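Below is one structure, written out as structure tokens, with a few remarks after it.
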Amino acid sequence: MSAKIIPQRAFVLGSTGTVGKAIVKALIENPGFSQVTLVGRRKLELPDPSENFGYSKIDQKIIDFENESSYAESFNDYDVGFCALGISSVGLTNEQYYRITHDYVMGPARLAKAGGCRHFHMVTGQSTSKTSLFYWARVKAEVEEELTQLGFDKLSIYRPAGIVKDKNEVTTTKEKAGICAFKILDPFHCMSVESLVLGKMMVDNTFFGSGEKVETLDNGTIQKLSKEFNKNQSPCMRGS
């Protein structure tokens with residue numbers, strides 16, 4: 001599998017989370033992206049570009065997710081959008097969870113589509129379903145359906161199972177124990193995916209994915225495509 005590299009401009013929503021960080025890492029290492037904008041509520045401290053040249057293509061935009069009109073022009077002229085916004089529903093009212101999970105995604109997605117974004121990547125979850133007993137799963141299913149209706153040239157929806165955090169990001173004993181448990185209970189990643197694998201696979205999917213207009217990729221498909229993309233990429237696209 002080969003592809004001509006046409007430099008892309010991308011934005012990332014949710015860059016502070018486990019999957020978001022993995023997406024950013026993959027983007028800075030991929031020469032197919034000439035500019036990457038991190039969009040969020042606060043500015044992040046990033047490595048010095050002199051120490052890691054990939055960060056020289058990173059830009060940051062601070063927006064108020066509660067006021068869509070205030071960031072109406074923040075999503076113009078991007079080729080690709082990555083969304084890894086996610087939050088636990090624990091401790092939140094249904095209204096709060098809906099606002100963050102639905103509104104904070106759909107507002108930027110609508111503006112990005114209007115601003116020229118062609119390919120939108122969205123991470124939801126394995127149990128996403130309109131008929132689920134769980135409110136969070138029904139909200140995510142609603143987001144998936146509304147994204148489909150926006151009419152992107154391509155919409156890629158990822159439904160990973162358990163997400164194994166990058167060991168370099170692990171800070172607590174509980175997280176270490178969780179990673180050990182996954183390695184013991186799920187050695188072949190049938191019920192989980194490493195965050196770095198997911199992030200890189202999403203980025204690679206921009207160039208090497210299927211021609212389907214809308215695709216929904218489950219945990220097994222994510223693992224399979226990750227291996228295929230890694231095997232068939234040229235050294236240039238691997239960033240080496």
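By convention here, the chains of the structure tokens are called A, B, ... in the order presented, each chain's residues are numbered starting at 1, and ligands are numbered starting at 1 in the order presented.
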
Residues flagged helix (DSSP H, G or I) by DSSP in segment 87-145 of chain A, as JSON, numbers by chain: {"A": [94, 95, 96, 97, 98, 99, 100, 101, 102, 103, 104, 105, 106, 107, 108, 109, 110, 111, 112, 113, 114, 135, 136, 137, 138, 139, 140, 141, 142, 143, 144, 145]}

Residue neighbourhood segment 128-131 of chain A, 12 Å, only C-alpha atoms, exclusion window fewer than 4 positions, as a PyMOL selection string: chain A and resi 123-124+135-145+157-161+216-218

Keeping only N, CA and C atoms, write the selected residues to a file as an mmCIF file, in the first residue's frame.
```
data_model
loop_
_atom_site.group_PDB
_atom_site.id
_atom_site.type_symbol
_atom_site.label_atom_id
_atom_site.label_comp_id
_atom_site.auth_asym_id
_atom_site.auth_seq_id
_atom_site.Cartn_x
_atom_site.Cartn_y
_atom_site.Cartn_z
ATOM 1 N N VAL A 123 -13.575 9.561 18.203
ATOM 2 C CA VAL A 123 -13.462 8.422 19.118
ATOM 3 C C VAL A 123 -14.687 8.388 20.018
ATOM 4 N N THR A 124 -15.403 7.266 20.019
ATOM 5 C CA THR A 124 -16.539 7.117 20.925
ATOM 6 C C THR A 124 -16.243 5.972 21.884
ATOM 7 N N TYR A 135 -26.994 6.023 29.806
ATOM 8 C CA TYR A 135 -27.203 7.341 29.194
ATOM 9 C C TYR A 135 -25.996 7.746 28.355
ATOM 10 N N TRP A 136 -24.780 7.540 28.894
ATOM 11 C CA TRP A 136 -23.584 7.976 28.182
ATOM 12 C C TRP A 136 -23.462 7.298 26.816
ATOM 13 N N ALA A 137 -23.853 6.025 26.747
ATOM 14 C CA ALA A 137 -23.753 5.288 25.482
ATOM 15 C C ALA A 137 -24.762 5.809 24.459
ATOM 16 N N ARG A 138 -25.930 6.220 24.924
ATOM 17 C CA ARG A 138 -26.953 6.762 24.022
ATOM 18 C C ARG A 138 -26.546 8.145 23.508
ATOM 19 N N VAL A 139 -25.914 8.941 24.364
ATOM 20 C CA VAL A 139 -25.457 10.267 23.940
ATOM 21 C C VAL A 139 -24.385 10.135 22.869
ATOM 22 N N LYS A 140 -23.449 9.225 23.066
ATOM 23 C CA LYS A 140 -22.398 9.029 22.068
ATOM 24 C C LYS A 140 -22.970 8.531 20.746
ATOM 25 N N ALA A 141 -23.999 7.687 20.820
ATOM 26 C CA ALA A 141 -24.649 7.214 19.598
ATOM 27 C C ALA A 141 -25.322 8.367 18.869
ATOM 28 N N GLU A 142 -25.881 9.289 19.627
ATOM 29 C CA GLU A 142 -26.514 10.473 19.019
ATOM 30 C C GLU A 142 -25.469 11.325 18.312
ATOM 31 N N VAL A 143 -24.311 11.481 18.940
ATOM 32 C CA VAL A 143 -23.226 12.248 18.326
ATOM 33 C C VAL A 143 -22.791 11.588 17.018
ATOM 34 N N GLU A 144 -22.615 10.270 17.035
ATOM 35 C CA GLU A 144 -22.223 9.555 15.817
ATOM 36 C C GLU A 144 -23.231 9.802 14.693
ATOM 37 N N GLU A 145 -24.509 9.708 15.019
ATOM 38 C CA GLU A 145 -25.545 9.881 14.002
ATOM 39 C C GLU A 145 -25.552 11.298 13.437
ATOM 40 N N ILE A 157 -15.255 6.721 12.527
ATOM 41 C CA ILE A 157 -15.675 6.597 13.920
ATOM 42 C C ILE A 157 -14.952 5.401 14.529
ATOM 43 N N TYR A 158 -14.324 5.630 15.680
ATOM 44 C CA TYR A 158 -13.538 4.583 16.332
ATOM 45 C C TYR A 158 -14.223 4.176 17.634
ATOM 46 N N ARG A 159 -14.428 2.870 17.766
ATOM 47 C CA ARG A 159 -15.063 2.336 18.972
ATOM 48 C C ARG A 159 -14.113 1.372 19.671
ATOM 49 N N PRO A 160 -13.072 1.893 20.312
ATOM 50 C CA PRO A 160 -12.149 1.013 21.030
ATOM 51 C C PRO A 160 -12.807 0.445 22.283
ATOM 52 N N ALA A 161 -12.236 -0.646 22.779
ATOM 53 C CA ALA A 161 -12.693 -1.199 24.055
ATOM 54 C C ALA A 161 -11.880 -0.511 25.154
ATOM 55 N N THR A 216 -17.165 2.738 10.639
ATOM 56 C CA THR A 216 -17.167 2.559 12.088
ATOM 57 C C THR A 216 -16.242 1.391 12.403
ATOM 58 N N LEU A 217 -15.185 1.659 13.130
ATOM 59 C CA LEU A 217 -14.126 0.686 13.363
ATOM 60 C C LEU A 217 -14.140 0.219 14.813
ATOM 61 N N ASP A 218 -14.351 -1.081 15.005
ATOM 62 C CA ASP A 218 -14.362 -1.626 16.354
ATOM 63 C C ASP A 218 -12.945 -1.973 16.795
#
```

DSSP-assigned strand (DSSP E or B) members of segment 2-235 of chain A, reported as a ChimeraX atom specification: /A:8-13,33-40,58-62,80-83,119-123,154-159,162-164,192-194,214-218

Export C-alpha atoms of the chosen residues as a PDB file, in the first residue's frame?
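File produced: out34.pdb:
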```pdb
ATOM      1  CA  GLN A   8      -2.521  18.238   5.428  1.00  0.00           C
ATOM      2  CA  ARG A   9      -3.660  20.802   7.984  1.00  0.00           C
ATOM      3  CA  ALA A  10      -5.284  19.237  11.023  1.00  0.00           C
ATOM      4  CA  PHE A  11      -6.897  20.256  14.293  1.00  0.00           C
ATOM      5  CA  VAL A  12      -7.252  18.194  17.451  1.00  0.00           C
ATOM      6  CA  LEU A  13     -10.006  18.394  20.062  1.00  0.00           C
ATOM      7  CA  PHE A  33       0.863  16.922   8.203  1.00  0.00           C
ATOM      8  CA  SER A  34       2.268  20.399   7.745  1.00  0.00           C
ATOM      9  CA  GLN A  35       0.272  22.141  10.476  1.00  0.00           C
ATOM     10  CA  VAL A  36      -1.460  20.872  13.608  1.00  0.00           C
ATOM     11  CA  THR A  37      -3.687  23.055  15.766  1.00  0.00           C
ATOM     12  CA  LEU A  38      -4.636  22.031  19.277  1.00  0.00           C
ATOM     13  CA  VAL A  39      -8.016  23.505  20.173  1.00  0.00           C
ATOM     14  CA  GLY A  40      -9.064  23.643  23.803  1.00  0.00           C
ATOM     15  CA  ILE A  58       2.015  22.881  16.404  1.00  0.00           C
ATOM     16  CA  ASP A  59      -0.264  25.868  16.946  1.00  0.00           C
ATOM     17  CA  GLN A  60      -2.770  26.359  19.756  1.00  0.00           C
ATOM     18  CA  LYS A  61      -6.163  28.044  19.908  1.00  0.00           C
ATOM     19  CA  ILE A  62      -8.070  28.760  23.098  1.00  0.00           C
ATOM     20  CA  VAL A  80      -8.652  16.913   8.754  1.00  0.00           C
ATOM     21  CA  GLY A  81     -10.171  17.003  12.223  1.00  0.00           C
ATOM     22  CA  PHE A  82      -9.473  14.660  15.140  1.00  0.00           C
ATOM     23  CA  CYS A  83     -11.813  14.531  18.110  1.00  0.00           C
ATOM     24  CA  HIS A 119     -12.131  14.067   6.907  1.00  0.00           C
ATOM     25  CA  PHE A 120     -13.339  13.942  10.501  1.00  0.00           C
ATOM     26  CA  HIS A 121     -12.096  11.347  12.997  1.00  0.00           C
ATOM     27  CA  MET A 122     -14.174  10.689  16.134  1.00  0.00           C
ATOM     28  CA  VAL A 123     -13.462   8.422  19.118  1.00  0.00           C
ATOM     29  CA  LYS A 154     -15.130  10.940   5.002  1.00  0.00           C
ATOM     30  CA  LEU A 155     -16.149  10.238   8.590  1.00  0.00           C
ATOM     31  CA  SER A 156     -14.146   7.722  10.623  1.00  0.00           C
ATOM     32  CA  ILE A 157     -15.675   6.597  13.920  1.00  0.00           C
ATOM     33  CA  TYR A 158     -13.538   4.583  16.332  1.00  0.00           C
ATOM     34  CA  ARG A 159     -15.063   2.336  18.972  1.00  0.00           C
ATOM     35  CA  GLY A 162     -10.445  -0.630  27.063  1.00  0.00           C
ATOM     36  CA  ILE A 163      -7.694   1.907  26.382  1.00  0.00           C
ATOM     37  CA  VAL A 164      -4.264   1.140  27.818  1.00  0.00           C
ATOM     38  CA  SER A 192      -8.272  -3.368  24.750  1.00  0.00           C
ATOM     39  CA  VAL A 193      -6.000  -1.197  22.646  1.00  0.00           C
ATOM     40  CA  GLU A 194      -2.888   0.734  23.574  1.00  0.00           C
ATOM     41  CA  VAL A 214     -18.577   6.586   6.672  1.00  0.00           C
ATOM     42  CA  GLU A 215     -16.732   3.868   8.557  1.00  0.00           C
ATOM     43  CA  THR A 216     -17.167   2.559  12.088  1.00  0.00           C
ATOM     44  CA  LEU A 217     -14.126   0.686  13.363  1.00  0.00           C
ATOM     45  CA  ASP A 218     -14.362  -1.626  16.354  1.00  0.00           C
TER      46      ASP A 218
END
```

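Comparing A:Gly211, A:Ser226, A:Asp77, A:Gly151 by their smallest distance to Gly115 of chain A, the closest is A:Asp77 (using only C-alpha atoms).
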
Residues within 12 Å of Ala114 of chain A, only C-alpha atoms, excluding chain neighbours under 5 positions, as a list of chain:residue names: A:Ala72, A:Glu73, A:Ser74, A:Phe75, A:Asn76, A:Asp77, A:Tyr78, A:Asp79, A:Gly107, A:Pro108, A:Ala109, A:Leu150, A:Gly151, A:Phe152

Kindly save the residues from that selection, with C-alpha atoms included, as a tab-separated table (two decimals), in the first residue's frame.
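Output saved as out.tsv:
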```
chain	number	residue	atom	x	y	z
A	72	ALA	CA	-16.94	30.69	14.65
A	73	GLU	CA	-13.77	31.31	12.62
A	74	SER	CA	-11.48	29.00	14.60
A	75	PHE	CA	-12.17	25.97	12.42
A	76	ASN	CA	-11.67	27.40	8.95
A	77	ASP	CA	-9.32	25.90	6.38
A	78	TYR	CA	-8.49	22.52	7.90
A	79	ASP	CA	-8.28	19.34	5.87
A	107	GLY	CA	-20.38	22.83	17.51
A	108	PRO	CA	-16.75	22.54	16.28
A	109	ALA	CA	-17.70	19.74	13.85
A	150	LEU	CA	-23.06	16.63	8.40
A	151	GLY	CA	-21.81	15.12	5.15
A	152	PHE	CA	-18.04	15.07	5.53
```

Excluding Gly86 of chain A and residues on its chain fewer than 6 positions from it, collect all residues at most 10 Å away from it, counting only C-alpha atoms, and give them as a short mmCIF file (atom, residue, chain, number, x, y, z; two decimals) with N, CA and C atoms, in the first residue's frame.
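Output contents, as saved in result-v7.cif:
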```
data_model
loop_
_atom_site.label_atom_id
_atom_site.label_comp_id
_atom_site.auth_asym_id
_atom_site.auth_seq_id
_atom_site.Cartn_x
_atom_site.Cartn_y
_atom_site.Cartn_z
N LEU A 13 -9.19 18.11 18.88
CA LEU A 13 -10.01 18.39 20.06
C LEU A 13 -9.74 17.30 21.09
N GLY A 14 -9.50 17.69 22.33
CA GLY A 14 -9.25 16.69 23.37
C GLY A 14 -7.80 16.27 23.45
N GLY A 17 -6.21 14.56 26.79
CA GLY A 17 -6.58 13.23 27.26
C GLY A 17 -5.61 12.15 26.79
N THR A 18 -5.85 10.94 27.25
CA THR A 18 -4.98 9.82 26.92
C THR A 18 -4.88 9.58 25.42
N VAL A 19 -6.02 9.51 24.74
CA VAL A 19 -6.02 9.29 23.30
C VAL A 19 -5.56 10.54 22.57
N GLY A 20 -5.99 11.69 23.05
CA GLY A 20 -5.59 12.95 22.41
C GLY A 20 -4.09 13.13 22.37
N TYR A 97 -23.27 16.26 31.30
CA TYR A 97 -22.62 15.27 30.44
C TYR A 97 -22.99 15.49 28.98
N ILE A 100 -21.07 18.52 27.42
CA ILE A 100 -19.66 18.27 27.14
C ILE A 100 -19.48 17.25 26.02
N THR A 101 -20.25 16.17 26.08
CA THR A 101 -20.07 15.07 25.13
C THR A 101 -20.71 15.33 23.78
N HIS A 102 -21.82 16.04 23.77
CA HIS A 102 -22.53 16.34 22.53
C HIS A 102 -22.21 17.73 22.00
N TYR A 104 -20.03 20.13 22.84
CA TYR A 104 -18.64 20.51 22.63
C TYR A 104 -18.04 19.84 21.40
N VAL A 105 -18.66 18.78 20.94
CA VAL A 105 -18.21 18.09 19.72
C VAL A 105 -18.92 18.63 18.49
N VAL A 123 -13.58 9.56 18.20
CA VAL A 123 -13.46 8.42 19.12
C VAL A 123 -14.69 8.39 20.02
N THR A 124 -15.40 7.27 20.02
CA THR A 124 -16.54 7.12 20.93
C THR A 124 -16.24 5.97 21.88
N GLY A 125 -16.78 4.79 21.65
CA GLY A 125 -16.50 3.69 22.56
C GLY A 125 -17.20 2.42 22.14
N LYS A 140 -23.45 9.23 23.07
CA LYS A 140 -22.40 9.03 22.07
C LYS A 140 -22.97 8.53 20.75
#
```

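If only C-alpha atoms are the atoms counted, then among A:Tyr98, A:Glu51, A:Phe207, A:Ser69 the closest residue to Gly32 of chain A is A:Phe207.
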
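Atom CA of Asn219 of chain A is found 27.1 Å from atom CA of Asn94 of chain A.
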
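Atom CA of Asp153 of chain A sits 13.0 Å away from atom CA of Gly209 of chain A.
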
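Compared by their closest atoms to Gln223 of chain A, and using only C-alpha atoms, the residues A:Met202, A:Ala112, A:Leu44, A:Leu92 rank with A:Met202 nearest.
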
Residue neighbourhood Gly199 of chain A, 9 Å, only C-alpha atoms, exclusion window fewer than 2 positions, as a PDB file with N, CA and C atoms, in the first residue's frame:
```
ATOM      1  N   VAL A  19      -6.023   9.511  24.743  1.00  0.00           N
ATOM      2  CA  VAL A  19      -6.021   9.286  23.296  1.00  0.00           C
ATOM      3  C   VAL A  19      -5.562  10.539  22.565  1.00  0.00           C
ATOM      4  N   GLY A  20      -5.985  11.695  23.045  1.00  0.00           N
ATOM      5  CA  GLY A  20      -5.588  12.949  22.406  1.00  0.00           C
ATOM      6  C   GLY A  20      -4.087  13.128  22.373  1.00  0.00           C
ATOM      7  N   LYS A  21      -3.417  12.810  23.460  1.00  0.00           N
ATOM      8  CA  LYS A  21      -1.958  12.916  23.496  1.00  0.00           C
ATOM      9  C   LYS A  21      -1.320  11.970  22.489  1.00  0.00           C
ATOM     10  N   ALA A  22      -1.897  10.783  22.353  1.00  0.00           N
ATOM     11  CA  ALA A  22      -1.361   9.811  21.397  1.00  0.00           C
ATOM     12  C   ALA A  22      -1.548  10.292  19.965  1.00  0.00           C
ATOM     13  N   ILE A  23      -2.683  10.934  19.688  1.00  0.00           N
ATOM     14  CA  ILE A  23      -2.927  11.490  18.352  1.00  0.00           C
ATOM     15  C   ILE A  23      -1.896  12.574  18.041  1.00  0.00           C
ATOM     16  N   VAL A  24      -1.668  13.471  19.004  1.00  0.00           N
ATOM     17  CA  VAL A  24      -0.702  14.555  18.801  1.00  0.00           C
ATOM     18  C   VAL A  24       0.690  13.983  18.543  1.00  0.00           C
ATOM     19  N   LYS A  25       1.081  12.986  19.301  1.00  0.00           N
ATOM     20  CA  LYS A  25       2.399  12.364  19.110  1.00  0.00           C
ATOM     21  C   LYS A  25       2.525  11.808  17.695  1.00  0.00           C
ATOM     22  N   ALA A  26       1.465  11.143  17.225  1.00  0.00           N
ATOM     23  CA  ALA A  26       1.500  10.578  15.879  1.00  0.00           C
ATOM     24  C   ALA A  26       1.536  11.668  14.815  1.00  0.00           C
ATOM     25  N   LEU A  27       0.832  12.758  15.054  1.00  0.00           N
ATOM     26  CA  LEU A  27       0.789  13.850  14.084  1.00  0.00           C
ATOM     27  C   LEU A  27       2.138  14.543  13.940  1.00  0.00           C
ATOM     28  N   GLU A 194      -3.819  -0.230  23.002  1.00  0.00           N
ATOM     29  CA  GLU A 194      -2.888   0.734  23.574  1.00  0.00           C
ATOM     30  C   GLU A 194      -3.169   2.107  22.964  1.00  0.00           C
ATOM     31  N   SER A 195      -3.102   3.143  23.783  1.00  0.00           N
ATOM     32  CA  SER A 195      -3.423   4.491  23.305  1.00  0.00           C
ATOM     33  C   SER A 195      -2.532   4.910  22.143  1.00  0.00           C
ATOM     34  N   LEU A 196      -1.254   4.567  22.199  1.00  0.00           N
ATOM     35  CA  LEU A 196      -0.339   4.950  21.122  1.00  0.00           C
ATOM     36  C   LEU A 196      -0.667   4.237  19.825  1.00  0.00           C
ATOM     37  N   VAL A 197      -1.133   2.991  19.933  1.00  0.00           N
ATOM     38  CA  VAL A 197      -1.542   2.242  18.745  1.00  0.00           C
ATOM     39  C   VAL A 197      -2.770   2.895  18.122  1.00  0.00           C
ATOM     40  N   MET A 201      -2.842   4.781  14.515  1.00  0.00           N
ATOM     41  CA  MET A 201      -3.712   4.190  13.512  1.00  0.00           C
ATOM     42  C   MET A 201      -4.677   5.240  12.955  1.00  0.00           C
ATOM     43  N   MET A 202      -5.210   6.108  13.808  1.00  0.00           N
ATOM     44  CA  MET A 202      -6.127   7.162  13.364  1.00  0.00           C
ATOM     45  C   MET A 202      -5.438   8.113  12.391  1.00  0.00           C
ATOM     46  N   VAL A 203      -4.233   8.507  12.732  1.00  0.00           N
ATOM     47  CA  VAL A 203      -3.478   9.420  11.867  1.00  0.00           C
ATOM     48  C   VAL A 203      -3.152   8.752  10.539  1.00  0.00           C
ATOM     49  N   ASP A 204      -2.683   7.509  10.585  1.00  0.00           N
ATOM     50  CA  ASP A 204      -2.371   6.775   9.357  1.00  0.00           C
ATOM     51  C   ASP A 204      -3.614   6.568   8.493  1.00  0.00           C
TER      52      ASP A 204
END
```

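The coordinates place atom CA of Glu29 of chain A at 18.7 Å from atom CA of Leu225 of chain A.
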
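Among the candidates A:Lys227, A:Lys213, A:Pro49, A:Asn232, the one nearest to Arg118 of chain A when counting only C-alpha atoms is A:Lys213.
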
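If you measure from each of A:Asn30, A:Phe208, A:Ser15, A:Leu111 to Lys231 of chain A using only C-alpha atoms, the closest one turns out to be A:Phe208.
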